[in-house]
Amino acid sequence: MAAAAAAKIVEVRETTRVERIGAHSHIRGLGLDESLEARHVSQGMVGQVAARRAVGIVLQMVRDGRIAGRAILLAGQPGTGKTALATALAAALGHDTPFTSMAGSEIYSLEMSKTEALTQAIRKSIGVRIKEESEIIEGEVVEVQIERPATGVGTKVGKLILKTTDMETVYDLGSKMIDSILKEKVQSGDVITIDKATGKITRLGRSFARARDYDATGQQTRFVQCPEGELQKRKEVVHTVTLHEIDVINSRTHGFLALFSEEGKAEIIPGVLFVDEVHMLDIECFSFLNRALENEMSPIVIMATNRGITKIRGTTYKSPHGIPLDLLDRTVIIPTQPYEEKELREILCIRCEEEDCQMTDNALTVLTRICKETSLRYGMQLIMTSSLIARKRKAHEVDVEDIKRAYQLFFDEGRSVQFLREYQQEFMFNEMDVKDDLEMETN
């Protein structure tokens with residue numbers, strides 16, 4: 001029985017630092033220098049130099065916060081990096097500036113009206129930066145001592161030893177502080193701050209003195225200097241909340257958030273609202289956006305579309321990008337261009353590194369050719385599939401044969417359309433005749 005029980009014990013993996021790899025998880029910023037000039041390959045961005053330079057100017061507009069009522073339209077073919085530019089802008093802005101992303105089709109599936117959904121998205125994109133002074137304890141953790149009752153029932157007691165470059169103090173811990181320390185996983189060598197009013201513990205990082213302690217460090221570890229001076233100090237704390245979060249707090253029965261009315265205590269931060277697939281909005285939404293942009297509190301609205309001259313949803317009129325001309329007149333249009341073959345190869349190299357896939361030069365050349373003839377998105381999908389095929393034959397690198405095998409197993413759009421044309425009569429509910437076959441869009 002003991003042997004059977006031991007056989008059932010499986011390894012428990014740590015999942016707190018597992019990050020899923022997304023289509024744009026490799027993007028760290030816009031890849032601009034100090035003069036807002038775009039580097040050809042930087043921070044996960046490749047090519048699109050003119051578009052990135054233009055988005056860099058938008059970035060400066062957002063940081064200045066003095067310009068409202070602007071709309072930017074990213075227009076280009078599918079797979080030319082429009083969403084990547086918006087993701088890079090969000091990464092460059094940081095966490096202090098509100099950035100809201102939504103798709104144009106989202107507003108039709110929500111349990112609220114379309115204009116209410118747009119109002120909520122706009123208020124999520126406007127932040128309030130609140131400044132206040134609070135008393136905190138800041139220092140490097142020397143030792144954490146926690147004593148638990150032997151019976152398992154009773155209050156926990158403990159001690160926390162903190163130090164700065166000038167002093168060292170021992171603090172007695174109550175059960176609430178012990179729970180906070182266990183929750184934050186505070187250990188010796190961490191630099192922490194403790195808010196005396198709320199008891200909240202914040203880890204600032206690891207001390208530089210523990211930089212050689214490899215067992216307690218990881219890939220995302222941040223090293224900071226040991227604090228100087230007194231342990232207890234007054235510090236200005238800045239909180240950034242959005243107008244939507246204020247609405248949610250104030251709508252609760254026992255919730256109320258009072259903003260500081262004194263000068264310098266709170267300030268409005270216009271953020272960014274990114275609307276992907278903006279052509280999916282109808283004429284009612286466009287009219288609402290057109291009026292909302294006239295407000296001095298409005299965020300900078302960035303829209304993206306891959307449509308040409310098409311009908312405005314909800315009308316029978318055609319317009320460039322499916323956007324009414326009066327709203328289009330308010331926008332600054334940033335075009336995106338198709339990637340060159342050299343740029344496609346650079347993007348594939350970055351994606352291989354992001355997905356931890358080793359690929360030979362010949363295989364990368366073949367995959368670049370496939371991207372050029374089909375699409376970049378299809379080529380990026382083949383990276384992981386060909387990596388799994390190579391792993392199946394216990395190879396450490398993806399070779400040309402693995403790319404060919406994945407290409408044969410998974411169709412691209414063009415080969416799928418060709419397959420339907422050959423066997424469309426054998427499918428159920430086939431409503432396509434020869435004329436529709438000739439007019440079907442395949443690009």
# chains A, B, ... in the order shown; residues from 1 in each chain; ligands from 1

$ residues_around --residues "Ile383 (chain A)" --least-positions-apart "5" --cutoff "9 Å" --atoms "only C-alpha atoms" --output "PyMOL selection string"
chain A and resi 348+351-352+355+357+359+367+388+398+403+406

$ write_last_selection --atoms "N, CA and C atoms" --output "PDB file, in the first residue's frame"
ATOM      1  N   LEU A 348      10.636  36.634 -37.752  1.00  0.00           N
ATOM      2  CA  LEU A 348      10.623  35.200 -37.463  1.00  0.00           C
ATOM      3  C   LEU A 348      11.722  34.822 -36.479  1.00  0.00           C
ATOM      4  N   ARG A 351      10.445  35.806 -33.083  1.00  0.00           N
ATOM      5  CA  ARG A 351       9.412  34.881 -32.627  1.00  0.00           C
ATOM      6  C   ARG A 351       9.998  33.525 -32.232  1.00  0.00           C
ATOM      7  N   CYS A 352      11.011  33.072 -32.949  1.00  0.00           N
ATOM      8  CA  CYS A 352      11.664  31.810 -32.572  1.00  0.00           C
ATOM      9  C   CYS A 352      12.309  31.930 -31.192  1.00  0.00           C
ATOM     10  N   GLU A 355       9.488  31.942 -28.552  1.00  0.00           N
ATOM     11  CA  GLU A 355       8.861  30.639 -28.352  1.00  0.00           C
ATOM     12  C   GLU A 355       9.870  29.548 -28.034  1.00  0.00           C
ATOM     13  N   CYS A 357      12.475  28.295 -29.692  1.00  0.00           N
ATOM     14  CA  CYS A 357      12.573  27.352 -30.807  1.00  0.00           C
ATOM     15  C   CYS A 357      13.894  27.578 -31.537  1.00  0.00           C
ATOM     16  N   MET A 359      16.129  26.992 -34.742  1.00  0.00           N
ATOM     17  CA  MET A 359      15.843  26.725 -36.150  1.00  0.00           C
ATOM     18  C   MET A 359      17.105  26.951 -36.972  1.00  0.00           C
ATOM     19  N   LEU A 367      11.003  29.197 -44.305  1.00  0.00           N
ATOM     20  CA  LEU A 367       9.847  29.777 -43.618  1.00  0.00           C
ATOM     21  C   LEU A 367       9.629  31.230 -44.040  1.00  0.00           C
ATOM     22  N   LEU A 388       7.327  21.241 -32.649  1.00  0.00           N
ATOM     23  CA  LEU A 388       6.805  20.002 -32.066  1.00  0.00           C
ATOM     24  C   LEU A 388       7.120  18.798 -32.946  1.00  0.00           C
ATOM     25  N   VAL A 398      14.956  22.848 -35.572  1.00  0.00           N
ATOM     26  CA  VAL A 398      13.960  22.657 -36.629  1.00  0.00           C
ATOM     27  C   VAL A 398      14.673  22.720 -37.964  1.00  0.00           C
ATOM     28  N   ILE A 403       9.687  21.957 -41.442  1.00  0.00           N
ATOM     29  CA  ILE A 403       8.863  23.025 -42.012  1.00  0.00           C
ATOM     30  C   ILE A 403       7.972  22.473 -43.117  1.00  0.00           C
ATOM     31  N   ALA A 406       5.079  20.447 -41.579  1.00  0.00           N
ATOM     32  CA  ALA A 406       4.041  21.319 -41.031  1.00  0.00           C
ATOM     33  C   ALA A 406       3.263  22.024 -42.136  1.00  0.00           C
TER      34      ALA A 406
END

$ residues_around --residues "region 227-238 of chain A" --least-positions-apart "5" --cutoff "12 Å" --atoms "only C-alpha atoms" --output "ChimeraX atom specification"
/A:96,128-141,161-171,190-197,204-209,264-267

$ select_by_dssp --residues "region 80-197 of chain A" --states "alpha helix (DSSP H)" --output "compact mmCIF listing (two decimals) with all heavy atoms, in the first residue's frame"
# COMPACT_ATOMS: atom_id res chain seq x y z
N LYS A 82 -0.33 46.72 -37.26
CA LYS A 82 -1.14 47.79 -36.66
C LYS A 82 -1.37 47.54 -35.17
O LYS A 82 -1.16 48.43 -34.34
CB LYS A 82 -2.48 47.88 -37.41
CG LYS A 82 -2.34 48.26 -38.88
CD LYS A 82 -3.67 48.36 -39.56
CE LYS A 82 -4.40 47.03 -39.63
NZ LYS A 82 -3.68 46.02 -40.43
N THR A 83 -1.81 46.34 -34.83
CA THR A 83 -2.00 46.01 -33.42
C THR A 83 -0.67 45.99 -32.68
O THR A 83 -0.60 46.34 -31.49
CB THR A 83 -2.71 44.65 -33.30
OG1 THR A 83 -3.88 44.64 -34.11
CG2 THR A 83 -3.12 44.38 -31.86
N ALA A 84 0.40 45.61 -33.36
CA ALA A 84 1.72 45.61 -32.73
C ALA A 84 2.14 47.03 -32.36
O ALA A 84 2.74 47.25 -31.30
CB ALA A 84 2.75 44.98 -33.67
N LEU A 85 1.81 48.00 -33.20
CA LEU A 85 2.13 49.40 -32.90
C LEU A 85 1.37 49.87 -31.66
O LEU A 85 1.92 50.57 -30.81
CB LEU A 85 1.80 50.29 -34.09
CG LEU A 85 2.77 50.25 -35.27
CD1 LEU A 85 2.19 50.98 -36.47
CD2 LEU A 85 4.12 50.84 -34.89
N ALA A 86 0.10 49.49 -31.56
CA ALA A 86 -0.68 49.88 -30.38
C ALA A 86 -0.15 49.20 -29.13
O ALA A 86 -0.07 49.81 -28.06
CB ALA A 86 -2.16 49.52 -30.60
N THR A 87 0.25 47.93 -29.24
CA THR A 87 0.83 47.22 -28.09
C THR A 87 2.14 47.86 -27.67
O THR A 87 2.43 47.99 -26.47
CB THR A 87 1.05 45.74 -28.45
OG1 THR A 87 -0.17 45.17 -28.94
CG2 THR A 87 1.52 44.95 -27.24
N ALA A 88 2.95 48.25 -28.65
CA ALA A 88 4.22 48.92 -28.34
C ALA A 88 3.99 50.26 -27.67
O ALA A 88 4.72 50.65 -26.75
CB ALA A 88 5.03 49.11 -29.62
N LEU A 89 2.97 50.99 -28.10
CA LEU A 89 2.64 52.27 -27.47
C LEU A 89 2.23 52.07 -26.02
O LEU A 89 2.63 52.83 -25.13
CB LEU A 89 1.53 52.97 -28.26
CG LEU A 89 1.03 54.30 -27.69
CD1 LEU A 89 2.15 55.33 -27.65
CD2 LEU A 89 -0.14 54.83 -28.50
N ALA A 90 1.42 51.03 -25.76
CA ALA A 90 1.00 50.74 -24.39
C ALA A 90 2.20 50.39 -23.52
O ALA A 90 2.29 50.81 -22.36
CB ALA A 90 -0.01 49.60 -24.38
N ALA A 91 3.16 49.63 -24.07
CA ALA A 91 4.36 49.27 -23.31
C ALA A 91 5.23 50.50 -23.04
O ALA A 91 5.83 50.63 -21.97
CB ALA A 91 5.16 48.21 -24.06
N ALA A 92 5.30 51.42 -24.01
CA ALA A 92 6.12 52.62 -23.84
C ALA A 92 5.50 53.59 -22.83
O ALA A 92 6.23 54.28 -22.12
CB ALA A 92 6.31 53.32 -25.18
N LEU A 93 4.18 53.61 -22.74
CA LEU A 93 3.52 54.52 -21.81
C LEU A 93 3.71 54.07 -20.36
O LEU A 93 3.77 54.90 -19.45
CB LEU A 93 2.02 54.61 -22.13
CG LEU A 93 1.64 55.40 -23.38
CD1 LEU A 93 0.16 55.24 -23.67
CD2 LEU A 93 1.98 56.87 -23.21
N LYS A 114 -24.74 50.41 -26.94
CA LYS A 114 -23.46 50.64 -27.62
C LYS A 114 -22.78 51.92 -27.11
O LYS A 114 -21.58 51.93 -26.85
CB LYS A 114 -23.69 50.72 -29.13
CG LYS A 114 -24.14 49.40 -29.74
CD LYS A 114 -24.49 49.56 -31.21
CE LYS A 114 -25.80 50.29 -31.39
NZ LYS A 114 -26.24 50.31 -32.80
N THR A 115 -23.56 52.98 -26.96
CA THR A 115 -22.97 54.24 -26.50
C THR A 115 -22.52 54.14 -25.04
O THR A 115 -21.54 54.77 -24.64
CB THR A 115 -23.97 55.38 -26.67
OG1 THR A 115 -25.20 55.03 -26.01
CG2 THR A 115 -24.25 55.63 -28.14
N GLU A 116 -23.24 53.34 -24.25
CA GLU A 116 -22.83 53.15 -22.85
C GLU A 116 -21.51 52.40 -22.79
O GLU A 116 -20.65 52.70 -21.96
CB GLU A 116 -23.92 52.40 -22.08
CG GLU A 116 -23.62 52.26 -20.59
CD GLU A 116 -24.72 51.52 -19.86
OE1 GLU A 116 -25.74 51.18 -20.49
OE2 GLU A 116 -24.56 51.27 -18.65
N ALA A 117 -21.33 51.41 -23.67
CA ALA A 117 -20.07 50.68 -23.71
C ALA A 117 -18.92 51.59 -24.13
O ALA A 117 -17.82 51.50 -23.57
CB ALA A 117 -20.19 49.49 -24.68
N LEU A 118 -19.17 52.47 -25.10
CA LEU A 118 -18.13 53.41 -25.51
C LEU A 118 -17.82 54.42 -24.40
O LEU A 118 -16.66 54.80 -24.19
CB LEU A 118 -18.56 54.13 -26.78
CG LEU A 118 -18.53 53.29 -28.07
CD1 LEU A 118 -19.14 54.08 -29.23
CD2 LEU A 118 -17.12 52.87 -28.41
N THR A 119 -18.86 54.86 -23.69
CA THR A 119 -18.64 55.79 -22.57
C THR A 119 -17.77 55.14 -21.50
O THR A 119 -16.85 55.77 -20.95
CB THR A 119 -19.98 56.22 -21.96
OG1 THR A 119 -20.78 56.83 -22.97
CG2 THR A 119 -19.78 57.19 -20.81
N GLN A 120 -18.04 53.88 -21.20
CA GLN A 120 -17.25 53.16 -20.20
C GLN A 120 -15.81 53.01 -20.65
O GLN A 120 -14.87 53.17 -19.86
CB GLN A 120 -17.87 51.79 -19.95
CG GLN A 120 -17.27 51.04 -18.78
CD GLN A 120 -17.94 49.71 -18.56
OE1 GLN A 120 -17.43 48.66 -18.95
NE2 GLN A 120 -19.10 49.73 -17.94
N ALA A 121 -15.60 52.72 -21.94
CA ALA A 121 -14.24 52.58 -22.46
C ALA A 121 -13.49 53.91 -22.40
O ALA A 121 -12.30 53.95 -22.09
CB ALA A 121 -14.28 52.06 -23.90
N ILE A 122 -14.19 55.01 -22.69
CA ILE A 122 -13.55 56.33 -22.63
C ILE A 122 -13.16 56.67 -21.20
O ILE A 122 -12.06 57.17 -20.93
CB ILE A 122 -14.48 57.39 -23.24
CG1 ILE A 122 -14.57 57.21 -24.76
CG2 ILE A 122 -13.99 58.80 -22.91
CD1 ILE A 122 -15.57 58.11 -25.43
N ARG A 123 -14.05 56.38 -20.24
CA ARG A 123 -13.75 56.69 -18.84
C ARG A 123 -12.64 55.78 -18.29
O ARG A 123 -11.93 56.17 -17.36
CB ARG A 123 -15.01 56.58 -17.99
CG ARG A 123 -16.03 57.66 -18.32
CD ARG A 123 -17.22 57.60 -17.40
NE ARG A 123 -16.93 58.04 -16.04
CZ ARG A 123 -16.87 59.30 -15.64
NH1 ARG A 123 -17.08 60.28 -16.51
NH2 ARG A 123 -16.61 59.60 -14.39
N LYS A 124 -12.49 54.59 -18.84
CA LYS A 124 -11.36 53.74 -18.47
C LYS A 124 -10.04 54.32 -18.97
O LYS A 124 -8.98 53.99 -18.44
CB LYS A 124 -11.54 52.33 -19.05
CG LYS A 124 -12.53 51.46 -18.31
CD LYS A 124 -12.59 50.09 -18.95
CE LYS A 124 -13.60 49.19 -18.24
NZ LYS A 124 -13.67 47.85 -18.88
N SER A 175 -0.69 38.84 13.86
CA SER A 175 -1.18 37.82 12.91
C SER A 175 -1.47 38.42 11.54
O SER A 175 -1.23 37.79 10.51
CB SER A 175 -2.44 37.16 13.47
OG SER A 175 -3.44 38.13 13.72
N LYS A 176 -1.98 39.68 11.51
CA LYS A 176 -2.29 40.31 10.22
C LYS A 176 -1.02 40.58 9.42
O LYS A 176 -0.97 40.33 8.21
CB LYS A 176 -3.06 41.61 10.46
CG LYS A 176 -3.51 42.30 9.20
CD LYS A 176 -4.30 43.55 9.51
CE LYS A 176 -4.73 44.26 8.22
NZ LYS A 176 -5.49 45.51 8.52
N MET A 177 0.02 41.08 10.09
CA MET A 177 1.28 41.34 9.40
C MET A 177 1.95 40.05 8.96
O MET A 177 2.57 39.98 7.88
CB MET A 177 2.21 42.13 10.31
CG MET A 177 1.76 43.56 10.57
SD MET A 177 1.75 44.54 9.07
CE MET A 177 3.48 44.53 8.64
N ILE A 178 1.83 39.00 9.78
CA ILE A 178 2.41 37.70 9.40
C ILE A 178 1.74 37.17 8.15
O ILE A 178 2.40 36.65 7.23
CB ILE A 178 2.29 36.71 10.57
CG1 ILE A 178 3.22 37.13 11.71
CG2 ILE A 178 2.63 35.29 10.11
CD1 ILE A 178 3.09 36.28 12.95
N ASP A 179 0.41 37.30 8.06
CA ASP A 179 -0.30 36.85 6.85
C ASP A 179 0.15 37.64 5.62
O ASP A 179 0.29 37.08 4.53
CB ASP A 179 -1.81 37.00 7.04
CG ASP A 179 -2.35 36.04 8.10
OD1 ASP A 179 -1.67 35.02 8.36
OD2 ASP A 179 -3.43 36.31 8.65
N SER A 180 0.38 38.95 5.79
CA SER A 180 0.84 39.77 4.66
C SER A 180 2.24 39.35 4.21
O SER A 180 2.53 39.29 3.01
CB SER A 180 0.84 41.25 5.05
OG SER A 180 -0.46 41.68 5.37
N ILE A 181 3.12 39.05 5.18
CA ILE A 181 4.48 38.62 4.84
C ILE A 181 4.46 37.29 4.11
O ILE A 181 5.18 37.08 3.12
CB ILE A 181 5.34 38.56 6.12
CG1 ILE A 181 5.67 39.98 6.58
CG2 ILE A 181 6.61 37.76 5.89
CD1 ILE A 181 6.44 40.04 7.87
N LEU A 182 3.63 36.36 4.59
CA LEU A 182 3.54 35.05 3.93
C LEU A 182 2.93 35.18 2.54
O LEU A 182 3.32 34.47 1.60
CB LEU A 182 2.71 34.09 4.78
CG LEU A 182 3.32 33.70 6.14
CD1 LEU A 182 2.35 32.83 6.92
CD2 LEU A 182 4.64 32.98 5.95
N LYS A 183 1.97 36.09 2.40
CA LYS A 183 1.34 36.28 1.09
C LYS A 183 2.31 36.86 0.08
O LYS A 183 2.34 36.45 -1.08
CB LYS A 183 0.12 37.19 1.25
CG LYS A 183 -0.64 37.43 -0.05
CD LYS A 183 -1.82 38.34 0.16
CE LYS A 183 -2.55 38.62 -1.15
NZ LYS A 183 -3.70 39.55 -0.94
N GLU A 184 3.12 37.83 0.50
CA GLU A 184 4.09 38.46 -0.39
C GLU A 184 5.38 37.65 -0.54
O GLU A 184 6.25 38.01 -1.33
CB GLU A 184 4.45 39.86 0.13
CG GLU A 184 3.31 40.85 0.08
CD GLU A 184 2.91 41.20 -1.33
OE1 GLU A 184 3.78 41.15 -2.24
OE2 GLU A 184 1.72 41.50 -1.55

$ residues_around --residues "region 275-279 of chain A" --least-positions-apart "5" --cutoff "9 Å" --atoms "only C-alpha atoms" --output "list in words"
Lys82, Thr83, Thr100, Ser101, Met102, Ala103, Gly104, Ser105, Val301, Ile302, Met303, Ala304, Thr305, Asn306, Arg307, Thr310, Lys311, Ile312, Arg313, His321, Gly322 and Ile323 of chain A

$ select_by_dssp --residues "region 230-366 of chain A" --states "strand (DSSP E)" --output "MDAnalysis selection string"
chainID A and resid 232:242 266:270 272:276 300:305 309:311 318:320 331:335

$ write_last_selection --atoms "N, CA, C and O atoms" --output "compact mmCIF listing (two decimals), in the first residue's frame"
# COMPACT_ATOMS: atom_id res chain seq x y z
N GLN A 232 11.93 54.73 9.48
CA GLN A 232 10.62 55.37 9.37
C GLN A 232 10.80 56.73 8.69
O GLN A 232 11.64 57.52 9.10
N LYS A 233 10.01 56.96 7.68
CA LYS A 233 10.12 58.21 6.94
C LYS A 233 8.78 58.57 6.33
O LYS A 233 7.89 57.71 6.17
N ARG A 234 8.64 59.83 5.99
CA ARG A 234 7.44 60.29 5.27
C ARG A 234 7.76 60.31 3.78
O ARG A 234 8.80 60.83 3.37
N LYS A 235 6.87 59.75 3.02
CA LYS A 235 7.12 59.62 1.59
C LYS A 235 5.86 59.97 0.82
O LYS A 235 4.75 59.65 1.25
N GLU A 236 6.04 60.61 -0.31
CA GLU A 236 4.91 60.95 -1.18
C GLU A 236 4.53 59.72 -2.01
O GLU A 236 5.36 59.18 -2.74
N VAL A 237 3.30 59.30 -1.87
CA VAL A 237 2.80 58.13 -2.59
C VAL A 237 1.85 58.60 -3.67
O VAL A 237 0.97 59.45 -3.42
N VAL A 238 2.01 58.08 -4.87
CA VAL A 238 1.18 58.47 -6.01
C VAL A 238 0.31 57.28 -6.41
O VAL A 238 0.82 56.19 -6.68
N HIS A 239 -0.99 57.48 -6.40
CA HIS A 239 -1.94 56.47 -6.86
C HIS A 239 -2.57 56.94 -8.17
O HIS A 239 -2.95 58.12 -8.28
N THR A 240 -2.68 56.04 -9.11
CA THR A 240 -3.33 56.37 -10.38
C THR A 240 -4.56 55.48 -10.54
O THR A 240 -4.44 54.25 -10.58
N VAL A 241 -5.72 56.09 -10.60
CA VAL A 241 -6.97 55.37 -10.81
C VAL A 241 -7.68 55.98 -12.01
O VAL A 241 -7.45 57.14 -12.36
N THR A 242 -8.51 55.18 -12.65
CA THR A 242 -9.28 55.68 -13.79
C THR A 242 -10.64 56.17 -13.32
O THR A 242 -11.11 55.83 -12.22
N ALA A 266 -4.36 66.24 -6.84
CA ALA A 266 -4.89 65.33 -7.85
C ALA A 266 -4.86 66.02 -9.20
O ALA A 266 -5.05 67.23 -9.31
N GLU A 267 -4.60 65.24 -10.25
CA GLU A 267 -4.58 65.79 -11.60
C GLU A 267 -5.13 64.77 -12.58
O GLU A 267 -5.03 63.55 -12.36
N ILE A 268 -5.76 65.26 -13.63
CA ILE A 268 -6.34 64.42 -14.66
C ILE A 268 -5.26 64.00 -15.65
O ILE A 268 -4.45 64.82 -16.09
N ILE A 269 -5.26 62.72 -16.00
CA ILE A 269 -4.29 62.19 -16.97
C ILE A 269 -5.07 61.61 -18.16
O ILE A 269 -5.62 60.51 -18.06
N PRO A 270 -5.18 62.31 -19.27
CA PRO A 270 -5.80 61.71 -20.45
C PRO A 270 -4.93 60.57 -20.97
O PRO A 270 -3.72 60.73 -21.16
N VAL A 272 -5.12 56.69 -23.43
CA VAL A 272 -5.27 56.24 -24.81
C VAL A 272 -6.39 55.20 -24.87
O VAL A 272 -6.43 54.27 -24.05
N LEU A 273 -7.28 55.36 -25.82
CA LEU A 273 -8.30 54.37 -26.13
C LEU A 273 -7.99 53.80 -27.51
O LEU A 273 -7.99 54.53 -28.50
N PHE A 274 -7.71 52.50 -27.56
CA PHE A 274 -7.38 51.84 -28.83
C PHE A 274 -8.57 51.00 -29.26
O PHE A 274 -9.03 50.12 -28.52
N VAL A 275 -9.10 51.29 -30.44
CA VAL A 275 -10.24 50.56 -31.00
C VAL A 275 -9.76 49.81 -32.23
O VAL A 275 -9.50 50.42 -33.28
N ASP A 276 -9.60 48.50 -32.09
CA ASP A 276 -9.23 47.67 -33.24
C ASP A 276 -10.49 47.31 -34.03
O ASP A 276 -11.59 47.28 -33.47
N ILE A 300 -6.85 60.32 -26.09
CA ILE A 300 -6.44 60.19 -27.49
C ILE A 300 -6.95 58.86 -28.01
O ILE A 300 -6.66 57.80 -27.43
N VAL A 301 -7.73 58.89 -29.06
CA VAL A 301 -8.36 57.68 -29.61
C VAL A 301 -7.52 57.20 -30.79
O VAL A 301 -7.30 57.94 -31.75
N ILE A 302 -7.05 55.96 -30.69
CA ILE A 302 -6.30 55.34 -31.78
C ILE A 302 -7.16 54.23 -32.36
O ILE A 302 -7.62 53.34 -31.63
N MET A 303 -7.39 54.29 -33.66
CA MET A 303 -8.22 53.30 -34.33
C MET A 303 -7.37 52.54 -35.35
O MET A 303 -6.38 53.07 -35.86
N ALA A 304 -7.77 51.32 -35.62
CA ALA A 304 -7.04 50.50 -36.59
C ALA A 304 -8.05 49.81 -37.50
O ALA A 304 -9.10 49.35 -37.04
N THR A 305 -7.72 49.75 -38.78
CA THR A 305 -8.58 49.08 -39.74
C THR A 305 -7.75 48.53 -40.89
O THR A 305 -6.69 49.08 -41.21
N ILE A 309 -12.13 51.01 -49.35
CA ILE A 309 -13.39 51.73 -49.53
C ILE A 309 -14.53 50.74 -49.38
O ILE A 309 -14.69 49.82 -50.18
N THR A 310 -15.31 50.90 -48.34
CA THR A 310 -16.37 49.95 -48.02
C THR A 310 -17.55 50.68 -47.41
O THR A 310 -17.48 51.88 -47.12
N LYS A 311 -18.65 49.95 -47.20
CA LYS A 311 -19.86 50.57 -46.66
C LYS A 311 -19.70 50.88 -45.17
O LYS A 311 -19.08 50.12 -44.43
N LYS A 318 -20.86 54.34 -49.01
CA LYS A 318 -19.48 53.87 -48.97
C LYS A 318 -18.55 55.02 -48.58
O LYS A 318 -18.81 56.18 -48.90
N SER A 319 -17.48 54.65 -47.88
CA SER A 319 -16.53 55.65 -47.41
C SER A 319 -15.17 54.99 -47.25
O SER A 319 -15.10 53.76 -47.07
N PRO A 320 -14.08 55.75 -47.33
CA PRO A 320 -12.76 55.16 -47.09
C PRO A 320 -12.66 54.55 -45.70
O PRO A 320 -13.02 55.17 -44.70
N THR A 331 -9.19 62.74 -37.99
CA THR A 331 -8.13 61.78 -37.69
C THR A 331 -6.84 62.13 -38.40
O THR A 331 -6.83 62.77 -39.47
N VAL A 332 -5.75 61.71 -37.80
CA VAL A 332 -4.44 61.74 -38.44
C VAL A 332 -4.14 60.31 -38.85
O VAL A 332 -4.07 59.41 -38.01
N ILE A 333 -3.98 60.06 -40.14
CA ILE A 333 -3.87 58.70 -40.66
C ILE A 333 -2.40 58.31 -40.74
O ILE A 333 -1.58 59.01 -41.34
N ILE A 334 -2.06 57.17 -40.14
CA ILE A 334 -0.71 56.61 -40.19
C ILE A 334 -0.78 55.31 -41.00
O ILE A 334 -1.38 54.34 -40.55
N PRO A 335 -0.21 55.29 -42.19
CA PRO A 335 -0.25 54.06 -42.99
C PRO A 335 0.84 53.07 -42.57
O PRO A 335 1.92 53.47 -42.12

$ atom_distance --atom1 "CA of Pro299 (chain A)" --atom2 "CA of Ile126 (chain A)"
6.2 Å

$ closest_residue --among "A:Gly44, A:Gly81, A:Gly199, A:Gly94" --to "His26 (chain A)" --atoms "only C-alpha atoms"
A:Gly44

$ closest_residue --among "A:Thr151, A:Ser386, A:Thr221, A:Gln381" --to "Ala23 (chain A)" --atoms "only C-alpha atoms"
A:Gln381

$ decode --residues "region 105-114 of chain A" --atoms "N, CA, C and O atoms" --output "PDB file, in the first residue's frame"
ATOM      1  N   SER A 105     -16.106  44.987 -32.580  1.00  0.00           N
ATOM      2  CA  SER A 105     -17.219  44.038 -32.497  1.00  0.00           C
ATOM      3  C   SER A 105     -17.642  43.739 -31.069  1.00  0.00           C
ATOM      4  O   SER A 105     -18.671  43.093 -30.860  1.00  0.00           O
ATOM      5  N   GLU A 106     -16.865  44.189 -30.071  1.00  0.00           N
ATOM      6  CA  GLU A 106     -17.187  43.870 -28.677  1.00  0.00           C
ATOM      7  C   GLU A 106     -18.496  44.503 -28.221  1.00  0.00           C
ATOM      8  O   GLU A 106     -19.219  43.931 -27.408  1.00  0.00           O
ATOM      9  N   ILE A 107     -18.786  45.693 -28.723  1.00  0.00           N
ATOM     10  CA  ILE A 107     -19.926  46.445 -28.180  1.00  0.00           C
ATOM     11  C   ILE A 107     -21.259  45.786 -28.517  1.00  0.00           C
ATOM     12  O   ILE A 107     -22.276  46.107 -27.900  1.00  0.00           O
ATOM     13  N   TYR A 108     -21.272  44.861 -29.469  1.00  0.00           N
ATOM     14  CA  TYR A 108     -22.532  44.217 -29.847  1.00  0.00           C
ATOM     15  C   TYR A 108     -22.842  43.004 -28.976  1.00  0.00           C
ATOM     16  O   TYR A 108     -23.948  42.480 -29.024  1.00  0.00           O
ATOM     17  N   SER A 109     -21.877  42.534 -28.200  1.00  0.00           N
ATOM     18  CA  SER A 109     -22.094  41.342 -27.372  1.00  0.00           C
ATOM     19  C   SER A 109     -22.210  41.686 -25.892  1.00  0.00           C
ATOM     20  O   SER A 109     -22.327  40.792 -25.069  1.00  0.00           O
ATOM     21  N   LEU A 110     -22.157  42.968 -25.533  1.00  0.00           N
ATOM     22  CA  LEU A 110     -22.259  43.369 -24.135  1.00  0.00           C
ATOM     23  C   LEU A 110     -23.716  43.582 -23.749  1.00  0.00           C
ATOM     24  O   LEU A 110     -24.573  43.882 -24.585  1.00  0.00           O
ATOM     25  N   GLU A 111     -23.992  43.408 -22.443  1.00  0.00           N
ATOM     26  CA  GLU A 111     -25.352  43.585 -21.945  1.00  0.00           C
ATOM     27  C   GLU A 111     -25.593  45.055 -21.592  1.00  0.00           C
ATOM     28  O   GLU A 111     -26.021  45.391 -20.496  1.00  0.00           O
ATOM     29  N   MET A 112     -25.274  45.933 -22.502  1.00  0.00           N
ATOM     30  CA  MET A 112     -25.502  47.365 -22.332  1.00  0.00           C
ATOM     31  C   MET A 112     -25.604  47.987 -23.720  1.00  0.00           C
ATOM     32  O   MET A 112     -25.274  47.342 -24.724  1.00  0.00           O
ATOM     33  N   SER A 113     -26.033  49.217 -23.772  1.00  0.00           N
ATOM     34  CA  SER A 113     -26.160  49.870 -25.063  1.00  0.00           C
ATOM     35  C   SER A 113     -24.782  50.168 -25.642  1.00  0.00           C
ATOM     36  O   SER A 113     -23.773  50.186 -24.929  1.00  0.00           O
ATOM     37  N   LYS A 114     -24.744  50.415 -26.939  1.00  0.00           N
ATOM     38  CA  LYS A 114     -23.462  50.645 -27.616  1.00  0.00           C
ATOM     39  C   LYS A 114     -22.783  51.917 -27.112  1.00  0.00           C
ATOM     40  O   LYS A 114     -21.578  51.926 -26.848  1.00  0.00           O
TER      41      LYS A 114
END
